[in-house]
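Beneath this line is the structure, given in structure tokens, with notes to follow.
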Amino acid sequence: MQQKESPGVLVIVYKGIGDVLLTTPLLRALKKAIPGCRLYFLSRRPSRKILESNPRLSGVFYREDRPLRAIRAAGIDISFDFMHSSSSGLFALFSGASKRVAFAGNAARLYHNITPRVKPEVMYTAFTRLQLLEPLGIPHDGPELELYPGPANESRAAAFLAENGIGAAAPLVTMDVTSPRAHRRWPAEHFAALADGLAEKFGARVVFLWGPGELEYVRSVMALAKKPHLLCPDFDLLDLGALLKSAALHAGTSSAPMHLAVSQGTSTFIIYSPHDDPRSWSPPGTRHAWAQGDLAELPFDKVWEKLSAHMASIKGPEK
């Protein structure tokens, strides 16, 4: 059994990669408020690179491994559950934590003993998650997301940029045209035209991103473009973070790469469906902009007008 010379804290988020990143401000706040605490994270394996590179964490558990015994052995005193599910509630309940924190709703009281209500105003999701610290009197220092690419990741990104002659002379724009949800996908020909417009008007070098199972679709989008653009190599999440750090802008759908870009201080332009509130997913501030509408009907000209205005307003590739 883990010695309890320092409190053990378990954070439960086994949703998507973006959801994990949106919880990193809470990890920072906990470590600053309780410097000696042992922070643990319960998630799924797709987020492994993000979590195992985070220096604030003492350990990571994966739901696929049936980790309850290991969680109990870690000596957990406080749990934060963001999943609103019976399975996550059971992990919190049987973790041994005396303080089990989750937002009210979905039978939260069956598993947790501290259940504040979410404030009604719409706000950036990272701010919403930080509200769970309030019942414990723990302050925070803002919603900045954290991802930690290492020297090897930076070297791979730099090699790709050098091989393709991408430097300070032209802004780098990364573009994500994919989403596992059909309602978040704008027509392929529109994305191809956006890339062409960025190259023609701003001299941008556009790099199309892709993940598991997305390569052929991304190639098909690129084939619709009239100008040559670049395909991202087979980068892992940390390599991609290093690449995004060099970009002047990340543009595309509401998905994991936008949160990776935000974590590296990169400006974003996101195309949202009516089902997603931009105020929840894009950080506040002028460096992040968006267009929104029924993506099957959202006209190219409307998006291009907003994107080109945003591109003109942001700085070039130098940070």
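Identifiers in this document derive from the order of the structure tokens: chains are assigned A, B, ..., residues are numbered from 1 separately in each chain, and ligands are numbered from 1 in order of occurrence.
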Item checked: Every residue of range 40-216 of chain A that DSSP places in strand (DSSP E), as a PyMOL selection string -> chain A and resi 40-43+59-62+78-81+99-102+172-176+205-208
Dump of N, CA and C atoms for the selected residues, as a tab-separated table (two decimals), in the first residue's frame:
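So result_38.tsv came out as:
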```
chain	number	residue	atom	x	y	z
A	40	TYR	N	-2.60	11.41	-10.11
A	40	TYR	CA	-2.81	10.26	-10.99
A	40	TYR	C	-3.96	10.56	-11.94
A	41	PHE	N	-3.92	9.93	-13.09
A	41	PHE	CA	-4.93	10.16	-14.12
A	41	PHE	C	-5.45	8.81	-14.59
A	42	LEU	N	-6.77	8.70	-14.70
A	42	LEU	CA	-7.40	7.50	-15.26
A	42	LEU	C	-7.99	7.88	-16.61
A	43	SER	N	-7.52	7.20	-17.68
A	43	SER	CA	-7.96	7.56	-19.02
A	43	SER	C	-7.97	6.31	-19.90
A	59	GLY	N	1.52	9.11	-12.00
A	59	GLY	CA	1.17	7.84	-12.62
A	59	GLY	C	-0.08	7.97	-13.46
A	60	VAL	N	-0.23	7.04	-14.39
A	60	VAL	CA	-1.39	7.02	-15.28
A	60	VAL	C	-1.98	5.62	-15.28
A	61	PHE	N	-3.29	5.54	-15.15
A	61	PHE	CA	-4.02	4.27	-15.22
A	61	PHE	C	-4.87	4.28	-16.49
A	62	TYR	N	-5.02	3.11	-17.09
A	62	TYR	CA	-5.82	3.00	-18.31
A	62	TYR	C	-7.00	2.07	-18.07
A	78	ILE	N	-8.33	12.06	-2.79
A	78	ILE	CA	-9.30	12.93	-3.46
A	78	ILE	C	-9.47	12.44	-4.89
A	79	SER	N	-10.71	12.37	-5.35
A	79	SER	CA	-10.94	12.02	-6.76
A	79	SER	C	-11.76	13.13	-7.42
A	80	PHE	N	-11.49	13.36	-8.70
A	80	PHE	CA	-12.26	14.28	-9.54
A	80	PHE	C	-12.75	13.50	-10.74
A	81	ASP	N	-14.05	13.37	-10.86
A	81	ASP	CA	-14.64	12.56	-11.93
A	81	ASP	C	-15.38	13.47	-12.90
A	99	LYS	N	-12.62	12.17	-0.26
A	99	LYS	CA	-13.29	13.29	-0.93
A	99	LYS	C	-13.45	12.94	-2.40
A	100	ARG	N	-14.69	12.78	-2.83
A	100	ARG	CA	-14.98	12.37	-4.21
A	100	ARG	C	-15.81	13.48	-4.86
A	101	VAL	N	-15.19	14.17	-5.82
A	101	VAL	CA	-15.76	15.40	-6.36
A	101	VAL	C	-16.24	15.16	-7.79
A	102	ALA	N	-17.47	15.60	-8.09
A	102	ALA	CA	-18.02	15.53	-9.44
A	102	ALA	C	-19.17	16.53	-9.52
A	172	LEU	N	3.28	29.15	-41.80
A	172	LEU	CA	2.84	27.75	-41.81
A	172	LEU	C	1.42	27.68	-41.27
A	173	VAL	N	0.54	27.02	-42.01
A	173	VAL	CA	-0.83	26.79	-41.58
A	173	VAL	C	-1.10	25.30	-41.58
A	174	THR	N	-1.51	24.77	-40.45
A	174	THR	CA	-1.92	23.37	-40.39
A	174	THR	C	-3.43	23.30	-40.57
A	175	MET	N	-3.90	22.23	-41.23
A	175	MET	CA	-5.32	22.13	-41.52
A	175	MET	C	-5.81	20.72	-41.20
A	176	ASP	N	-6.88	20.66	-40.42
A	176	ASP	CA	-7.51	19.39	-40.05
A	176	ASP	C	-8.91	19.35	-40.67
A	205	ARG	N	2.20	28.11	-46.41
A	205	ARG	CA	2.46	26.70	-46.68
A	205	ARG	C	1.47	25.91	-45.83
A	206	VAL	N	0.59	25.20	-46.48
A	206	VAL	CA	-0.49	24.49	-45.80
A	206	VAL	C	-0.12	23.03	-45.64
A	207	VAL	N	-0.20	22.53	-44.41
A	207	VAL	CA	0.08	21.12	-44.10
A	207	VAL	C	-1.21	20.47	-43.63
A	208	PHE	N	-1.65	19.45	-44.36
A	208	PHE	CA	-2.86	18.72	-43.99
A	208	PHE	C	-2.51	17.65	-42.96
```
Next item on the list: Tell me, as a PyMOL selection string, which residues lie within 7 Å of range 271-284 of chain A, counting only C-alpha atoms; anything in the same chain fewer than 6 positions away does not count.
Entry: chain A and resi 122-125+183-184+252-254+290-295
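When only C-alpha atoms are used to measure the gap to Asp196 in chain A, the shortest distance among A:Thr268, A:Ser308, A:Ser246, A:Ser53 belongs to A:Ser308.
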Notebook entry, point to check: When distances are computed from only C-alpha atoms, which of A:Leu161, A:Ala195, A:Leu147, A:Val20 shows the smallest separation from Gln264 in chain A?
Noted result: A:Leu147
Next item on the list: May I have the residues within 12 Å of Glu146 in chain A as a VMD selection string, using only C-alpha atoms and disregarding those fewer than 2 positions away in the same chain?
Entry: chain A and resid 18 20 to 29 50 to 51 53 to 56 126 142 to 144 148 to 149 238 241 259 to 265
Write the residues of the preceding selection, restricted to N, CA and C atoms, as a tab-separated table (two decimals), in the first residue's frame.
```tsv
chain	number	residue	atom	x	y	z
A	18	GLY	N	-8.89	15.58	-26.78
A	18	GLY	CA	-9.17	16.98	-26.45
A	18	GLY	C	-9.68	17.14	-25.04
A	20	VAL	N	-8.97	15.30	-22.50
A	20	VAL	CA	-7.84	15.15	-21.59
A	20	VAL	C	-7.04	16.45	-21.52
A	21	LEU	N	-6.75	17.04	-22.68
A	21	LEU	CA	-6.00	18.30	-22.69
A	21	LEU	C	-6.73	19.41	-21.95
A	22	LEU	N	-8.05	19.44	-22.08
A	22	LEU	CA	-8.83	20.48	-21.42
A	22	LEU	C	-8.84	20.34	-19.90
A	23	THR	N	-8.31	19.23	-19.40
A	23	THR	CA	-8.23	19.01	-17.96
A	23	THR	C	-6.85	19.34	-17.41
A	24	THR	N	-5.87	19.61	-18.29
A	24	THR	CA	-4.51	19.88	-17.80
A	24	THR	C	-4.41	21.16	-16.95
A	25	PRO	N	-5.24	22.20	-17.17
A	25	PRO	CA	-5.16	23.34	-16.23
A	25	PRO	C	-5.51	22.96	-14.80
A	26	LEU	N	-6.39	21.98	-14.63
A	26	LEU	CA	-6.74	21.51	-13.29
A	26	LEU	C	-5.55	20.80	-12.65
A	27	LEU	N	-4.79	20.04	-13.43
A	27	LEU	CA	-3.59	19.38	-12.89
A	27	LEU	C	-2.59	20.43	-12.41
A	28	ARG	N	-2.40	21.47	-13.22
A	28	ARG	CA	-1.46	22.53	-12.84
A	28	ARG	C	-1.91	23.21	-11.54
A	29	ALA	N	-3.20	23.50	-11.45
A	29	ALA	CA	-3.71	24.17	-10.25
A	29	ALA	C	-3.52	23.30	-9.01
A	50	ILE	N	0.13	11.99	-24.35
A	50	ILE	CA	-0.13	13.25	-23.67
A	50	ILE	C	0.12	13.12	-22.17
A	51	LEU	N	-0.37	12.04	-21.61
A	51	LEU	CA	-0.33	11.90	-20.16
A	51	LEU	C	1.04	11.47	-19.65
A	53	SER	N	3.88	12.03	-20.79
A	53	SER	CA	4.90	13.07	-20.93
A	53	SER	C	4.66	14.24	-19.98
A	54	ASN	N	3.57	14.21	-19.24
A	54	ASN	CA	3.22	15.32	-18.36
A	54	ASN	C	3.98	15.20	-17.03
A	55	PRO	N	4.88	16.14	-16.74
A	55	PRO	CA	5.71	16.01	-15.54
A	55	PRO	C	4.95	16.21	-14.24
A	56	ARG	N	3.72	16.67	-14.32
A	56	ARG	CA	2.93	16.89	-13.10
A	56	ARG	C	2.35	15.59	-12.56
A	126	ALA	N	-12.35	24.45	-20.36
A	126	ALA	CA	-11.29	24.38	-19.35
A	126	ALA	C	-11.67	25.16	-18.10
A	142	GLY	N	-5.67	30.06	-14.51
A	142	GLY	CA	-6.12	30.25	-15.88
A	142	GLY	C	-6.30	28.95	-16.64
A	143	PRO	N	-6.81	29.05	-17.88
A	143	PRO	CA	-7.20	27.86	-18.63
A	143	PRO	C	-6.17	27.36	-19.63
A	144	GLU	N	-4.92	27.81	-19.56
A	144	GLU	CA	-3.94	27.43	-20.56
A	144	GLU	C	-3.69	25.92	-20.54
A	148	TYR	N	3.60	18.52	-23.61
A	148	TYR	CA	5.04	18.61	-23.44
A	148	TYR	C	5.81	17.81	-24.49
A	149	PRO	N	5.91	18.32	-25.73
A	149	PRO	CA	6.80	17.66	-26.70
A	149	PRO	C	8.25	17.72	-26.21
A	238	LEU	N	2.81	14.00	-29.80
A	238	LEU	CA	3.85	14.92	-29.35
A	238	LEU	C	4.60	15.52	-30.54
A	241	GLY	N	2.33	18.13	-31.79
A	241	GLY	CA	2.41	19.31	-30.94
A	241	GLY	C	3.60	20.18	-31.29
A	259	HIS	N	-7.11	21.46	-30.04
A	259	HIS	CA	-6.68	21.58	-28.65
A	259	HIS	C	-5.17	21.42	-28.53
A	260	LEU	N	-4.58	20.57	-29.36
A	260	LEU	CA	-3.12	20.47	-29.41
A	260	LEU	C	-2.52	21.82	-29.80
A	261	ALA	N	-3.13	22.47	-30.80
A	261	ALA	CA	-2.64	23.78	-31.23
A	261	ALA	C	-2.74	24.80	-30.10
A	262	VAL	N	-3.86	24.82	-29.41
A	262	VAL	CA	-4.04	25.76	-28.30
A	262	VAL	C	-2.99	25.53	-27.23
A	263	SER	N	-2.67	24.27	-26.97
A	263	SER	CA	-1.67	23.96	-25.93
A	263	SER	C	-0.29	24.49	-26.28
A	264	GLN	N	-0.04	24.75	-27.57
A	264	GLN	CA	1.26	25.24	-28.01
A	264	GLN	C	1.26	26.74	-28.29
A	265	GLY	N	0.17	27.41	-27.91
A	265	GLY	CA	0.09	28.84	-28.09
A	265	GLY	C	-0.17	29.28	-29.51
```
For Leu209 in chain A, work out the shell of residues within 10 Å, counting only C-alpha atoms and skipping chain neighbours fewer than 4 positions away, then give it as a PDB file with N, CA and C atoms, in the first residue's frame.
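The result, written out as out-v2.pdb:
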```
ATOM      1  N   THR A 174      -1.511  24.771 -40.448  1.00  0.00           N
ATOM      2  CA  THR A 174      -1.920  23.372 -40.388  1.00  0.00           C
ATOM      3  C   THR A 174      -3.426  23.302 -40.568  1.00  0.00           C
ATOM      4  N   MET A 175      -3.896  22.233 -41.231  1.00  0.00           N
ATOM      5  CA  MET A 175      -5.319  22.126 -41.524  1.00  0.00           C
ATOM      6  C   MET A 175      -5.806  20.723 -41.198  1.00  0.00           C
ATOM      7  N   ASP A 176      -6.882  20.659 -40.425  1.00  0.00           N
ATOM      8  CA  ASP A 176      -7.513  19.390 -40.054  1.00  0.00           C
ATOM      9  C   ASP A 176      -8.905  19.352 -40.674  1.00  0.00           C
ATOM     10  N   VAL A 177      -9.114  18.439 -41.601  1.00  0.00           N
ATOM     11  CA  VAL A 177     -10.387  18.378 -42.340  1.00  0.00           C
ATOM     12  C   VAL A 177     -11.251  17.215 -41.898  1.00  0.00           C
ATOM     13  N   THR A 178     -10.837  16.499 -40.875  1.00  0.00           N
ATOM     14  CA  THR A 178     -11.509  15.258 -40.492  1.00  0.00           C
ATOM     15  C   THR A 178     -12.279  15.403 -39.192  1.00  0.00           C
ATOM     16  N   GLU A 214      -7.586   7.988 -41.253  1.00  0.00           N
ATOM     17  CA  GLU A 214      -7.994   9.205 -41.961  1.00  0.00           C
ATOM     18  C   GLU A 214      -7.183   9.512 -43.214  1.00  0.00           C
ATOM     19  N   LEU A 215      -6.120   8.757 -43.450  1.00  0.00           N
ATOM     20  CA  LEU A 215      -5.162   9.134 -44.482  1.00  0.00           C
ATOM     21  C   LEU A 215      -5.799   9.217 -45.868  1.00  0.00           C
ATOM     22  N   VAL A 218      -8.012  12.284 -46.297  1.00  0.00           N
ATOM     23  CA  VAL A 218      -7.231  13.517 -46.390  1.00  0.00           C
ATOM     24  C   VAL A 218      -6.576  13.623 -47.761  1.00  0.00           C
ATOM     25  N   LEU A 230       1.069  20.252 -48.562  1.00  0.00           N
ATOM     26  CA  LEU A 230       1.877  19.215 -47.918  1.00  0.00           C
ATOM     27  C   LEU A 230       1.024  18.307 -47.044  1.00  0.00           C
ATOM     28  N   LEU A 231       1.413  17.043 -47.003  1.00  0.00           N
ATOM     29  CA  LEU A 231       0.778  16.060 -46.131  1.00  0.00           C
ATOM     30  C   LEU A 231       1.675  15.834 -44.926  1.00  0.00           C
ATOM     31  N   CYS A 232       1.106  15.926 -43.745  1.00  0.00           N
ATOM     32  CA  CYS A 232       1.875  15.697 -42.524  1.00  0.00           C
ATOM     33  C   CYS A 232       2.406  14.270 -42.503  1.00  0.00           C
ATOM     34  N   PRO A 233       3.632  14.056 -42.037  1.00  0.00           N
ATOM     35  CA  PRO A 233       4.125  12.685 -41.876  1.00  0.00           C
ATOM     36  C   PRO A 233       3.318  11.923 -40.826  1.00  0.00           C
ATOM     37  N   ASP A 234       3.667  10.678 -40.618  1.00  0.00           N
ATOM     38  CA  ASP A 234       3.000   9.840 -39.627  1.00  0.00           C
ATOM     39  C   ASP A 234       3.501  10.234 -38.233  1.00  0.00           C
ATOM     40  N   PHE A 235       3.042  11.385 -37.765  1.00  0.00           N
ATOM     41  CA  PHE A 235       3.488  11.934 -36.494  1.00  0.00           C
ATOM     42  C   PHE A 235       2.601  11.435 -35.356  1.00  0.00           C
ATOM     43  N   LEU A 240       3.230  16.034 -33.399  1.00  0.00           N
ATOM     44  CA  LEU A 240       2.263  16.986 -33.935  1.00  0.00           C
ATOM     45  C   LEU A 240       2.244  18.267 -33.105  1.00  0.00           C
ATOM     46  N   GLY A 252      -9.524  24.379 -39.208  1.00  0.00           N
ATOM     47  CA  GLY A 252     -10.220  23.136 -39.514  1.00  0.00           C
ATOM     48  C   GLY A 252     -11.390  22.852 -38.611  1.00  0.00           C
ATOM     49  N   PRO A 257      -6.802  18.045 -32.853  1.00  0.00           N
ATOM     50  CA  PRO A 257      -5.695  18.936 -33.228  1.00  0.00           C
ATOM     51  C   PRO A 257      -5.897  20.385 -32.823  1.00  0.00           C
TER      52      PRO A 257
END
```
Can you list, as an mmCIF file with N, CA and C atoms, in the first residue's frame, every residue of range 133-221 of chain A that DSSP puts in helix (DSSP H, G or I)?
```
data_model
loop_
_atom_site.group_PDB
_atom_site.id
_atom_site.type_symbol
_atom_site.label_atom_id
_atom_site.label_comp_id
_atom_site.auth_asym_id
_atom_site.auth_seq_id
_atom_site.Cartn_x
_atom_site.Cartn_y
_atom_site.Cartn_z
ATOM 1 N N LEU A 133 -12.663 22.689 -8.477
ATOM 2 C CA LEU A 133 -11.706 23.007 -7.410
ATOM 3 C C LEU A 133 -12.321 23.885 -6.324
ATOM 4 N N GLU A 134 -13.375 24.606 -6.660
ATOM 5 C CA GLU A 134 -13.913 25.613 -5.754
ATOM 6 C C GLU A 134 -14.380 25.053 -4.410
ATOM 7 N N PRO A 135 -15.091 23.906 -4.357
ATOM 8 C CA PRO A 135 -15.518 23.403 -3.044
ATOM 9 C C PRO A 135 -14.356 23.051 -2.117
ATOM 10 N N LEU A 136 -13.179 22.827 -2.690
ATOM 11 C CA LEU A 136 -12.015 22.504 -1.875
ATOM 12 C C LEU A 136 -11.156 23.735 -1.597
ATOM 13 N N PRO A 151 12.636 16.917 -26.921
ATOM 14 C CA PRO A 151 13.619 17.242 -27.966
ATOM 15 C C PRO A 151 13.495 16.365 -29.211
ATOM 16 N N ALA A 152 13.201 15.077 -29.035
ATOM 17 C CA ALA A 152 13.070 14.196 -30.202
ATOM 18 C C ALA A 152 11.877 14.599 -31.058
ATOM 19 N N ASN A 153 10.782 14.988 -30.418
ATOM 20 C CA ASN A 153 9.602 15.453 -31.163
ATOM 21 C C ASN A 153 9.907 16.746 -31.909
ATOM 22 N N GLU A 154 10.608 17.652 -31.252
ATOM 23 C CA GLU A 154 10.964 18.917 -31.891
ATOM 24 C C GLU A 154 11.899 18.691 -33.068
ATOM 25 N N SER A 155 12.795 17.714 -32.937
ATOM 26 C CA SER A 155 13.720 17.405 -34.036
ATOM 27 C C SER A 155 12.981 16.855 -35.245
ATOM 28 N N ARG A 156 11.995 15.985 -35.008
ATOM 29 C CA ARG A 156 11.235 15.430 -36.131
ATOM 30 C C ARG A 156 10.431 16.520 -36.842
ATOM 31 N N ALA A 157 9.821 17.400 -36.062
ATOM 32 C CA ALA A 157 9.066 18.490 -36.668
ATOM 33 C C ALA A 157 9.991 19.414 -37.452
ATOM 34 N N ALA A 158 11.138 19.744 -36.875
ATOM 35 C CA ALA A 158 12.089 20.635 -37.547
ATOM 36 C C ALA A 158 12.618 20.007 -38.832
ATOM 37 N N ALA A 159 12.849 18.702 -38.814
ATOM 38 C CA ALA A 159 13.337 18.023 -40.013
ATOM 39 C C ALA A 159 12.304 18.090 -41.134
ATOM 40 N N PHE A 160 11.043 17.899 -40.801
ATOM 41 C CA PHE A 160 9.979 17.986 -41.807
ATOM 42 C C PHE A 160 9.913 19.391 -42.405
ATOM 43 N N LEU A 161 9.991 20.400 -41.553
ATOM 44 C CA LEU A 161 9.944 21.775 -42.041
ATOM 45 C C LEU A 161 11.142 22.073 -42.940
ATOM 46 N N ALA A 162 12.326 21.619 -42.530
ATOM 47 C CA ALA A 162 13.535 21.873 -43.320
ATOM 48 C C ALA A 162 13.478 21.155 -44.663
ATOM 49 N N GLU A 163 13.019 19.912 -44.653
ATOM 50 C CA GLU A 163 12.950 19.134 -45.900
ATOM 51 C C GLU A 163 12.033 19.781 -46.926
ATOM 52 N N ALA A 182 -20.062 13.009 -38.407
ATOM 53 C CA ALA A 182 -20.402 13.506 -39.740
ATOM 54 C C ALA A 182 -20.853 14.955 -39.712
ATOM 55 N N HIS A 183 -21.569 15.376 -38.653
ATOM 56 C CA HIS A 183 -22.091 16.737 -38.620
ATOM 57 C C HIS A 183 -21.004 17.785 -38.413
ATOM 58 N N ARG A 184 -19.775 17.350 -38.119
ATOM 59 C CA ARG A 184 -18.670 18.290 -37.951
ATOM 60 C C ARG A 184 -17.794 18.398 -39.203
ATOM 61 N N ALA A 188 -15.481 18.585 -48.576
ATOM 62 C CA ALA A 188 -14.061 18.450 -48.902
ATOM 63 C C ALA A 188 -13.586 19.536 -49.859
ATOM 64 N N GLU A 189 -14.417 19.856 -50.865
ATOM 65 C CA GLU A 189 -13.984 20.839 -51.853
ATOM 66 C C GLU A 189 -13.808 22.226 -51.237
ATOM 67 N N HIS A 190 -14.558 22.526 -50.188
ATOM 68 C CA HIS A 190 -14.397 23.812 -49.511
ATOM 69 C C HIS A 190 -13.063 23.891 -48.783
ATOM 70 N N PHE A 191 -12.692 22.806 -48.115
ATOM 71 C CA PHE A 191 -11.401 22.799 -47.426
ATOM 72 C C PHE A 191 -10.255 22.939 -48.421
ATOM 73 N N ALA A 192 -10.366 22.262 -49.566
ATOM 74 C CA ALA A 192 -9.326 22.378 -50.589
ATOM 75 C C ALA A 192 -9.211 23.817 -51.067
ATOM 76 N N ALA A 193 -10.358 24.477 -51.242
ATOM 77 C CA ALA A 193 -10.350 25.873 -51.685
ATOM 78 C C ALA A 193 -9.780 26.805 -50.615
ATOM 79 N N LEU A 194 -10.036 26.511 -49.339
ATOM 80 C CA LEU A 194 -9.441 27.310 -48.266
ATOM 81 C C LEU A 194 -7.916 27.229 -48.312
ATOM 82 N N ALA A 195 -7.402 26.024 -48.490
ATOM 83 C CA ALA A 195 -5.952 25.862 -48.559
ATOM 84 C C ALA A 195 -5.380 26.646 -49.736
ATOM 85 N N ASP A 196 -6.049 26.569 -50.875
ATOM 86 C CA ASP A 196 -5.593 27.332 -52.042
ATOM 87 C C ASP A 196 -5.617 28.830 -51.766
ATOM 88 N N GLY A 197 -6.689 29.305 -51.118
ATOM 89 C CA GLY A 197 -6.794 30.722 -50.817
ATOM 90 C C GLY A 197 -5.710 31.203 -49.872
ATOM 91 N N LEU A 198 -5.387 30.399 -48.865
ATOM 92 C CA LEU A 198 -4.337 30.767 -47.920
ATOM 93 C C LEU A 198 -2.973 30.833 -48.610
ATOM 94 N N ALA A 199 -2.742 29.908 -49.521
ATOM 95 C CA ALA A 199 -1.477 29.912 -50.257
ATOM 96 C C ALA A 199 -1.387 31.121 -51.191
ATOM 97 N N GLU A 200 -2.481 31.417 -51.880
ATOM 98 C CA GLU A 200 -2.462 32.489 -52.868
ATOM 99 C C GLU A 200 -2.422 33.870 -52.222
ATOM 100 N N LYS A 201 -3.256 34.107 -51.225
ATOM 101 C CA LYS A 201 -3.360 35.449 -50.644
ATOM 102 C C LYS A 201 -2.265 35.749 -49.632
ATOM 103 N N PHE A 202 -1.867 34.721 -48.847
ATOM 104 C CA PHE A 202 -0.930 34.968 -47.753
ATOM 105 C C PHE A 202 0.421 34.287 -47.953
ATOM 106 N N LEU A 215 -6.120 8.757 -43.450
ATOM 107 C CA LEU A 215 -5.162 9.134 -44.482
ATOM 108 C C LEU A 215 -5.799 9.217 -45.868
ATOM 109 N N GLU A 216 -6.554 8.211 -46.263
ATOM 110 C CA GLU A 216 -7.109 8.209 -47.610
ATOM 111 C C GLU A 216 -8.091 9.362 -47.810
ATOM 112 N N TYR A 217 -8.900 9.664 -46.801
ATOM 113 C CA TYR A 217 -9.827 10.788 -46.925
ATOM 114 C C TYR A 217 -9.057 12.094 -47.088
ATOM 115 N N VAL A 218 -8.012 12.284 -46.297
ATOM 116 C CA VAL A 218 -7.231 13.517 -46.390
ATOM 117 C C VAL A 218 -6.576 13.623 -47.761
ATOM 118 N N ARG A 219 -6.059 12.531 -48.271
ATOM 119 C CA ARG A 219 -5.482 12.553 -49.624
ATOM 120 C C ARG A 219 -6.526 12.958 -50.662
ATOM 121 N N SER A 220 -7.761 12.485 -50.485
ATOM 122 C CA SER A 220 -8.818 12.816 -51.445
ATOM 123 C C SER A 220 -9.161 14.301 -51.392
ATOM 124 N N VAL A 221 -9.090 14.902 -50.206
ATOM 125 C CA VAL A 221 -9.328 16.348 -50.089
ATOM 126 C C VAL A 221 -8.200 17.112 -50.778
#
```
Item checked: Spatial neighbours of Ser88 in chain A, max dist 9 Å, only C-alpha atoms, sep filter under 3 positions, as JSON, numbers by chain -> {"A": [12, 13, 14, 81, 82, 83, 84, 85, 91, 92, 93, 111]}
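The space separating CA of Lys31 in chain A from CA of Asn106 in chain A comes to 28.8 Å.
Rounded to one decimal, CA of Ser47 in chain A and CA of Met258 in chain A lie 15.1 Å from each other.
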